[in-house]
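> Provided herewith is a single structure, encoded as structure tokens, for subsequent inquiry.
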Amino acid sequence: MLTKLKTWFRSVITFIRNGFSLVKRLGDRLLNKLTNKQREALGGYAFIGIWLFGFIMLTAIPLIESLVFSFHQITIVGGEGIRLFFTGFTNYIRIFSTDLDFLTRLQNFIFEMILFVPVMNILALLIAILLNRKFKFRGFFRAIFFLPVIITSGPVIAELLRQGAGTIPALTESGILQIIEQSLPRFLSQPIQSLFTQIIFMLWFSGVQVVLYLAGLQKLDQSMYEAAQIDGANVWESFWKITLPSLKPMIVVASVYTIVTLATFANNPIILLISSVMFDPNKGYGYASGLAWIYFVVIALLLIVSTRLISPKEKGYRVLKEYDKYKR
Amino acid sequence: MKNWFKNLPWQHYKRKWFGMKLTDGRLYRVVLYGLLIIIGFVYIYPLLHMLSYSLKSLADLLDPTINLLPSGLYLDNFKDALLVLEYGPLLLESLTVTLIPAVVQTVVASLIGYGFARFQFPLKKLWFILLLATYIIPPQVTMIPRYVLFFNIGILETIYAIIIPATFGQGIASAIFVLIFYQFYLMIPKALDEAAQLDGANRLTIYLKVAIPLSLPSFLTAFLFSFVWYWNETYLTRLFLGNGGETLLIRLLNFVSAYNAIIGGGSNVANEAIRMAATLLIIAPLIVAYFILQRLFIEGIDRSGITGE
């Protein structure tokens with residue numbers, strides 16, 4: 001029995017090996033007919049093919065599909081998938097005329113972004129400047145500022161916020177919040193209040209940005225500062241004239257990172273709404289797709305506006321420039 | 001008396017505290033360390049809060065005079081939390097749902113990054129821009145059609161619904177990992193490739209025998225971040241895994257109902273102390289791993305090349 005199995009196994013292996021060498025010989029003959037350039041292209045597509053397939057099947061087609069879904073009413077037919085009924089713009093009209101819940105969440109999200117992104121970036125830059133000084137325990141402090149990146153997740157943050165651990169007690173008990181609530185209009189006071197109550201989490205979400213800015217600072221040329229000093233510039237001036245302009249690409253990257261992270265974080269009220277609407281019998285997949293697309297457009301606009309604000313003249317992303325630089 | 005006052009070495013003190021420049025006085029040190037310690041405390045505060053609450057007994061929780069320091073070490077919270085979380089089996093399940101996609105995503109990202117960095121092919125720039133764009137597209141947009149697709153091919157509520165996107169470079173932040181490898185492979189000198197080619201190696205062999213051994217640090221970075229992000233992901237995991245599995249974090253999300261089902265009844269309530277103990281237990285493996293591998297994590301970002309070379 002065992003020897004039988006052994007010989008069977010051996011024959012299978014030789015079969016596979018012969019098959020492989022046949023394919024290889026055929027492949028080599030084919031490859032030899034190609035020009036170098038064609039061979040290069042073939043190799044490239046062999047490497048990125050897996051991504052290309054995934055991109056088309058799991059991102060490009062779903063992206064278009066969800067746009068199509070958003071113009072349909074979708075019912076789930078028991079056990080065999082979904083059925084679409086074309087309803088035109090009904091979903092969008094319904095969202096913008098009746099869905100107050102979504103609209104207020106969207107409005108809060110936009111205000112929070114306008115407030116949070118600059119504040120988080122400024123805090124991250126300040127921390128990076130502190131860390132860029134030479135002192136003992138530098139590695140230790142850097143490790144602490146980066147720690148939240150590792151442990152931040154939806155449920156953990158939710159637990160901590162429920163406990164009121166998102167802020168320093170002294171901040172909320174000092175009565176600042178009441179003063180803000182009374183003296184400012186509601187659409188302004190609400191984001192500022194959340195700024196105070198979530199200050200720790202804003203810091204928690206800026207670990208990556210700190211490291212980005214720190215890397216940027218460390219690549220600055222010290223001789224530039226010396227030259228400026230000889231010309232009579234003080235620390236303040238050289239910060240505005242040297243440090244900040246040279247960090248511009250880093251600020252763009254950090255802002256994009258901040259917006260994308262906050263927008264897709266699991267506790268974000270909008271994305272929670274989208275997944276709950278999916279299974280709402282009155283609304284369904286079509287309606288939820290509409291919400292997702294509106295959200296996508298809003299995020300894209302925020303990204304465009306913020307990158308343009310930071311570097312109005314710069315065209316395209318830094319990475320693409322790098323790409324051009326290395327292009328042979 | 002007057003003389004004594006005059007004779008104090010004022011200049012000496014001034015130099016000692018304010019220094020010759022802004023950055024070498026003692027005052028500067030004090031301010032720098034002060035700021036760092038204050039900010040550091042703010043960062044750590046939620047963790048301290050978590051630790052202190054997880055050690056509080058019910059009496060401590062109700063006593064308004066006890067704030068940050070509990071009156072004693074009360075470890076029953078951890079016992080309850082371990083029970084409710086079903087720590088052993090769920091940890092194993094979390095690790096499966098996390099490790100497999102993380103490994104797959106890292107390997108695939110390396111392959112794709114190498115393709116973009118080392119080959120010239122038509123439409124390359126277009127694909128590269130689209131690759132970067134996938135990072136900006138919120139998963140919520142593609143989530144519903146993917147859900148339908150996974151349902152149709154019958155992998156919904158199985159681990160494959162998580163692994164398949166990772167396999168095709170469409171997992172969590174896949175674009176970033178591709179970018180890490182892309183930047184790294186650009187830096188490897190061409191001469192190495194040419195030398196290997198002269199020795200008769202083809203492109204695949206060069207990738208396997210030259211590029212991969214050189215990029216092991218990038219592999220480690222990509223794997224660590226991949227692991228952490230998959231571990232912390234709950235939104236898509238919950239949607240795609242459904243009843244097909246549960247991770248520790250998803251259990252934490254449903255902690256109260258799980259508590260009522262497992263311990264529940266009578267006066268037993270999932271109080272803050274128990275919930276904090278559970279949270280602490282869940283992030284503990286990450287914190288331990290972080291403090292061992294801390295350098296790799298932080299330097300990994302530098303190495304990713306998004307910081308600009």
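Chain labels follow the order of the structure tokens: the first chain is A, the next B, and so on; residue numbering restarts at 1 in every chain, and ligands are counted from 1 in their shown order.
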At a cut-off of 7 Å, which residues of chain B touch chain A? Count only C-alpha atoms and give the answer as a PyMOL selection string.
chain B and resi 40+42-43+46+49+111-112+115+119-122+136-138+140-142+144-146+152+168-170+228+232-235+249+252-253+279+283+286+294+302+307
> When DSSP works through the backbone of this structure, what residues of stretch 35-221 of chain A end up as alpha helix (DSSP H), shown as number ranges by chain?
A: 36-54, 61-69, 90-98, 100-131, 138-151, 154-162, 169-173, 176-183, 186-197, 199-204, 207-218
> Could you check the closest approach to B:Leu296 for each of B:Phe225, B:Tyr28, B:Tyr230, B:Phe128 and tell me which residue wins, using only C-alpha atoms?
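Between B:Phe225, B:Tyr28, B:Tyr230, B:Phe128, the residue approaching B:Leu296 most closely is B:Phe225.
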> Find the residues around B:Gly171 up to 12 Å (only C-alpha atoms counted), leave out those fewer than 6 positions away in its own chain, and share them as number ranges by chain.
A: 51, 54-55, 58-59; B: 98, 100-106, 108-109, 134-135, 139, 142-143, 160-165, 177-178, 226-227, 229-230, 233, 236-237
> Those same residues, written as a short mmCIF file (atom, residue, chain, number, x, y, z; two decimals), in the first residue's frame with N, CA and C atoms?

```cif
data_model
loop_
_atom_site.label_atom_id
_atom_site.label_comp_id
_atom_site.auth_asym_id
_atom_site.auth_seq_id
_atom_site.Cartn_x
_atom_site.Cartn_y
_atom_site.Cartn_z
N TRP A 51 -2.64 43.46 -8.43
CA TRP A 51 -3.27 44.70 -7.96
C TRP A 51 -4.31 45.17 -8.95
N GLY A 54 -7.44 43.23 -8.70
CA GLY A 54 -8.16 43.60 -7.49
C GLY A 54 -8.76 44.99 -7.60
N PHE A 55 -7.99 45.90 -8.18
CA PHE A 55 -8.49 47.28 -8.31
C PHE A 55 -9.75 47.30 -9.15
N LEU A 58 -12.53 44.95 -7.16
CA LEU A 58 -12.94 45.28 -5.79
C LEU A 58 -13.01 46.78 -5.51
N THR A 59 -12.52 47.59 -6.42
CA THR A 59 -12.61 49.03 -6.18
C THR A 59 -13.31 49.77 -7.32
N THR B 98 -6.42 38.61 12.03
CA THR B 98 -5.47 39.71 11.87
C THR B 98 -4.20 39.27 11.16
N ILE B 100 -3.35 36.59 9.24
CA ILE B 100 -3.38 36.11 7.85
C ILE B 100 -3.49 37.27 6.87
N PRO B 101 -4.49 38.18 7.03
CA PRO B 101 -4.53 39.30 6.09
C PRO B 101 -3.28 40.18 6.15
N ALA B 102 -2.70 40.34 7.35
CA ALA B 102 -1.53 41.20 7.48
C ALA B 102 -0.35 40.63 6.70
N VAL B 103 -0.13 39.31 6.84
CA VAL B 103 0.98 38.66 6.11
C VAL B 103 0.73 38.75 4.61
N VAL B 104 -0.49 38.38 4.21
CA VAL B 104 -0.82 38.39 2.78
C VAL B 104 -0.65 39.79 2.20
N GLN B 105 -1.18 40.77 2.91
CA GLN B 105 -1.12 42.15 2.42
C GLN B 105 0.33 42.60 2.26
N THR B 106 1.19 42.25 3.23
CA THR B 106 2.59 42.66 3.15
C THR B 106 3.27 42.07 1.94
N VAL B 108 1.97 40.84 -0.82
CA VAL B 108 1.42 41.35 -2.08
C VAL B 108 1.87 42.79 -2.33
N ALA B 109 1.90 43.58 -1.27
CA ALA B 109 2.33 44.97 -1.43
C ALA B 109 3.76 45.03 -1.92
N THR B 134 -6.86 55.10 -4.36
CA THR B 134 -7.59 54.11 -3.55
C THR B 134 -7.44 54.41 -2.06
N TYR B 135 -6.37 55.14 -1.70
CA TYR B 135 -6.22 55.48 -0.28
C TYR B 135 -7.26 56.51 0.15
N PRO B 139 -13.84 53.59 2.41
CA PRO B 139 -14.32 52.22 2.20
C PRO B 139 -15.84 52.14 2.16
N THR B 142 -17.31 51.70 -1.46
CA THR B 142 -17.22 50.42 -2.16
C THR B 142 -17.75 49.27 -1.32
N MET B 143 -18.07 49.57 -0.06
CA MET B 143 -18.44 48.53 0.89
C MET B 143 -19.71 47.77 0.48
N TYR B 160 -12.56 34.61 4.44
CA TYR B 160 -12.12 34.97 3.09
C TYR B 160 -12.58 36.37 2.70
N ALA B 161 -13.68 36.82 3.26
CA ALA B 161 -14.16 38.18 2.97
C ALA B 161 -13.15 39.22 3.44
N ILE B 162 -12.29 38.85 4.38
CA ILE B 162 -11.24 39.75 4.83
C ILE B 162 -9.96 39.51 4.03
N ILE B 163 -9.68 38.21 3.75
CA ILE B 163 -8.41 37.87 3.11
C ILE B 163 -8.39 38.27 1.64
N ILE B 164 -9.51 38.07 0.94
CA ILE B 164 -9.52 38.33 -0.51
C ILE B 164 -9.14 39.77 -0.86
N PRO B 165 -9.73 40.80 -0.23
CA PRO B 165 -9.27 42.16 -0.57
C PRO B 165 -7.78 42.35 -0.30
N PHE B 177 1.15 50.70 1.96
CA PHE B 177 2.18 49.66 2.03
C PHE B 177 2.87 49.49 0.68
N VAL B 178 2.09 49.58 -0.39
CA VAL B 178 2.71 49.53 -1.72
C VAL B 178 3.71 50.68 -1.86
N SER B 226 0.45 46.79 9.25
CA SER B 226 -0.66 46.01 8.73
C SER B 226 -1.35 45.28 9.88
N PHE B 227 -0.55 44.66 10.71
CA PHE B 227 -1.08 43.90 11.84
C PHE B 227 -1.90 44.80 12.75
N TRP B 229 -3.24 47.73 12.19
CA TRP B 229 -4.45 48.29 11.60
C TRP B 229 -5.53 47.23 11.43
N TYR B 230 -5.13 46.00 11.08
CA TYR B 230 -6.15 44.96 11.00
C TYR B 230 -6.70 44.61 12.38
N GLU B 233 -9.20 47.29 13.40
CA GLU B 233 -10.33 47.51 12.50
C GLU B 233 -11.56 46.78 13.03
N LEU B 236 -15.43 47.33 9.15
CA LEU B 236 -15.58 46.40 8.02
C LEU B 236 -15.58 44.95 8.50
N THR B 237 -14.76 44.68 9.52
CA THR B 237 -14.70 43.31 10.03
C THR B 237 -16.07 42.86 10.49
#
```
> I want to know what sits within 9 Å of A:Leu220, based on only C-alpha atoms, with residues of the same chain fewer than 6 positions away left out; could you give that as a list of chain:residue names?
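In the requested form, the answer reads A:Ile242, A:Thr243, A:Ser246, A:Leu247.
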> For the residues selected in the previous step, produce a file with all heavy atoms as a JSON list (two decimals), in the first residue's frame.

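Dumped to result_33.json:
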```
[["chain", "number", "residue", "atom", "x", "y", "z"],
["A", 242, "ILE", "N", 12.07, 79.99, 7.13],
["A", 242, "ILE", "CA", 12.79, 78.79, 6.68],
["A", 242, "ILE", "C", 12.02, 77.52, 7.01],
["A", 242, "ILE", "O", 11.68, 76.74, 6.14],
["A", 242, "ILE", "CB", 14.20, 78.71, 7.33],
["A", 242, "ILE", "CG1", 15.01, 79.95, 6.98],
["A", 242, "ILE", "CG2", 14.91, 77.45, 6.86],
["A", 242, "ILE", "CD1", 16.35, 79.99, 7.68],
["A", 243, "THR", "N", 11.71, 77.33, 8.31],
["A", 243, "THR", "CA", 11.14, 76.05, 8.73],
["A", 243, "THR", "C", 9.80, 75.77, 8.04],
["A", 243, "THR", "O", 9.62, 74.73, 7.41],
["A", 243, "THR", "CB", 10.94, 76.04, 10.25],
["A", 243, "THR", "OG1", 12.11, 76.54, 10.87],
["A", 243, "THR", "CG2", 10.65, 74.66, 10.74],
["A", 246, "SER", "N", 9.78, 75.14, 4.20],
["A", 246, "SER", "CA", 10.37, 73.86, 3.77],
["A", 246, "SER", "C", 9.54, 72.68, 4.23],
["A", 246, "SER", "O", 9.69, 71.58, 3.70],
["A", 246, "SER", "CB", 11.81, 73.71, 4.27],
["A", 246, "SER", "OG", 12.19, 74.76, 5.08],
["A", 247, "LEU", "N", 8.67, 72.90, 5.23],
["A", 247, "LEU", "CA", 7.83, 71.78, 5.69],
["A", 247, "LEU", "C", 6.54, 71.65, 4.89],
["A", 247, "LEU", "O", 5.74, 70.76, 5.15],
["A", 247, "LEU", "CB", 7.49, 71.96, 7.16],
["A", 247, "LEU", "CG", 8.57, 71.60, 8.16],
["A", 247, "LEU", "CD1", 8.05, 71.79, 9.57],
["A", 247, "LEU", "CD2", 9.02, 70.16, 7.99]]
```
> With distances taken over only C-alpha atoms, which residue among A:Thr7, A:Leu262, A:Ala233, A:Ser183 lies nearest A:Ile114?
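Checking each of A:Thr7, A:Leu262, A:Ala233, A:Ser183 against A:Ile114, counting only C-alpha atoms, the winner is A:Leu262.
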> Residues near stretch 194-198 of chain B, anyone? I mean within 10 Å using only C-alpha atoms, not counting same-chain ones fewer than 5 positions away, as a list in words.
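Contacts, in chain order: Pro189, Arg203, Thr205, Ile206, Lys209 and Val210 of chain B.
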> Please write the residues from the selection above to a file, keeping N, CA and C atoms, as a short mmCIF file (atom, residue, chain, number, x, y, z; two decimals), in the first residue's frame.

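Output file selection_34.cif follows:
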```cif
data_model
loop_
_atom_site.label_atom_id
_atom_site.label_comp_id
_atom_site.auth_asym_id
_atom_site.auth_seq_id
_atom_site.Cartn_x
_atom_site.Cartn_y
_atom_site.Cartn_z
N PRO B 189 20.30 50.10 -5.95
CA PRO B 189 21.03 50.46 -7.17
C PRO B 189 20.78 49.48 -8.31
N ARG B 203 14.10 38.17 -14.18
CA ARG B 203 13.56 39.24 -13.32
C ARG B 203 12.95 38.70 -12.03
N THR B 205 13.78 35.93 -10.48
CA THR B 205 14.86 35.49 -9.59
C THR B 205 15.51 36.69 -8.92
N ILE B 206 15.67 37.78 -9.70
CA ILE B 206 16.28 38.98 -9.10
C ILE B 206 15.41 39.48 -7.96
N LYS B 209 15.75 36.83 -5.06
CA LYS B 209 17.06 36.60 -4.45
C LYS B 209 17.80 37.90 -4.10
N VAL B 210 17.47 38.98 -4.79
CA VAL B 210 18.18 40.24 -4.51
C VAL B 210 17.28 41.22 -3.75
#
```
> Go through stretch 248-304 of chain B residue by residue and, counting only C-alpha atoms, keep those with an atom at most 8 Å from stretch 65-85 of chain B; for each kept residue give the shortest atom pair and its distance in Å to one decimal, ordered by chain and increasing number, as a tab-separated table.

```
residue	atom	partner	partner_atom	distance
B:Leu248	CA	B:Leu85	CA	6.8
B:Arg251	CA	B:Leu85	CA	6.4
B:Leu252	CA	B:Leu85	CA	7.3
B:Phe255	CA	B:Val84	CA	7.6
B:Ala258	CA	B:Val84	CA	6.3
B:Tyr259	CA	B:Val84	CA	5.6
B:Ile262	CA	B:Val84	CA	6.2
B:Ile263	CA	B:Val84	CA	7.3
B:Ala273	CA	B:Asn77	CA	6.4
B:Ile274	CA	B:Asn77	CA	4.8
B:Arg275	CA	B:Ala81	CA	7.2
B:Ala277	CA	B:Phe78	CA	5.5
B:Ala278	CA	B:Ala81	CA	5.0
B:Leu281	CA	B:Phe78	CA	7.9
```
> Would you mind telling me which residue in B:Leu58, B:Leu132, B:Lys190, B:Pro213 lies nearest to B:Val269 when using only C-alpha atoms?
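Closest residue, counting only C-alpha atoms: B:Leu58.
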> Residues within 9 Å of B:Gly245, please, as an MDAnalysis selection string. Count only C-alpha atoms; anything in the same chain fewer than 4 positions from it doesn't count.
chainID B and resid 93:94 97 157:159 238 241
> With a distance cut-off of 6 Å and only C-alpha atoms, select the neighbouring residues of B:Ser110, excluding the residue or stretch itself and same-chain residues fewer than 3 positions from it, and output the selection as number ranges by chain.
B: 107, 113, 181
> Next, write the just-selected residues to a file, as a PDB file, in the first residue's frame, keeping all heavy atoms as the atom set.

```pdb
ATOM      1  N   VAL B 107       3.097  40.749   1.751  1.00  0.00           N
ATOM      2  CA  VAL B 107       3.758  40.079   0.628  1.00  0.00           C
ATOM      3  C   VAL B 107       3.284  40.664  -0.703  1.00  0.00           C
ATOM      4  O   VAL B 107       4.085  41.002  -1.590  1.00  0.00           O
ATOM      5  CB  VAL B 107       3.485  38.558   0.688  1.00  0.00           C
ATOM      6  CG1 VAL B 107       3.996  37.879  -0.558  1.00  0.00           C
ATOM      7  CG2 VAL B 107       4.131  37.967   1.924  1.00  0.00           C
ATOM      8  N   GLY B 113       4.737  46.827  -5.304  1.00  0.00           N
ATOM      9  CA  GLY B 113       5.700  47.922  -5.202  1.00  0.00           C
ATOM     10  C   GLY B 113       6.896  47.683  -6.108  1.00  0.00           C
ATOM     11  O   GLY B 113       7.378  48.603  -6.770  1.00  0.00           O
ATOM     12  N   PHE B 181       7.044  49.996  -0.114  1.00  0.00           N
ATOM     13  CA  PHE B 181       7.933  49.134  -0.892  1.00  0.00           C
ATOM     14  C   PHE B 181       8.413  49.844  -2.148  1.00  0.00           C
ATOM     15  O   PHE B 181       9.571  49.715  -2.532  1.00  0.00           O
ATOM     16  CB  PHE B 181       7.225  47.825  -1.247  1.00  0.00           C
ATOM     17  CG  PHE B 181       7.144  46.880  -0.097  1.00  0.00           C
ATOM     18  CD1 PHE B 181       5.954  46.661   0.569  1.00  0.00           C
ATOM     19  CD2 PHE B 181       8.278  46.213   0.335  1.00  0.00           C
ATOM     20  CE1 PHE B 181       5.885  45.796   1.633  1.00  0.00           C
ATOM     21  CE2 PHE B 181       8.211  45.342   1.407  1.00  0.00           C
ATOM     22  CZ  PHE B 181       7.011  45.136   2.057  1.00  0.00           C
TER      23      PHE B 181
END
```
> Would you mind telling me which residue in A:Leu34, A:Leu273, A:Leu184, A:Ile304 lies nearest to A:Phe102 when using only C-alpha atoms?
A:Leu273
> Select, from A:Leu125, A:Ile93, A:Met224, A:Ile74, the residue with the minimum atom-to-atom distance to A:Ile251, counting only C-alpha atoms.
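Looking at the shortest contact to A:Ile251, the residue is A:Leu125.
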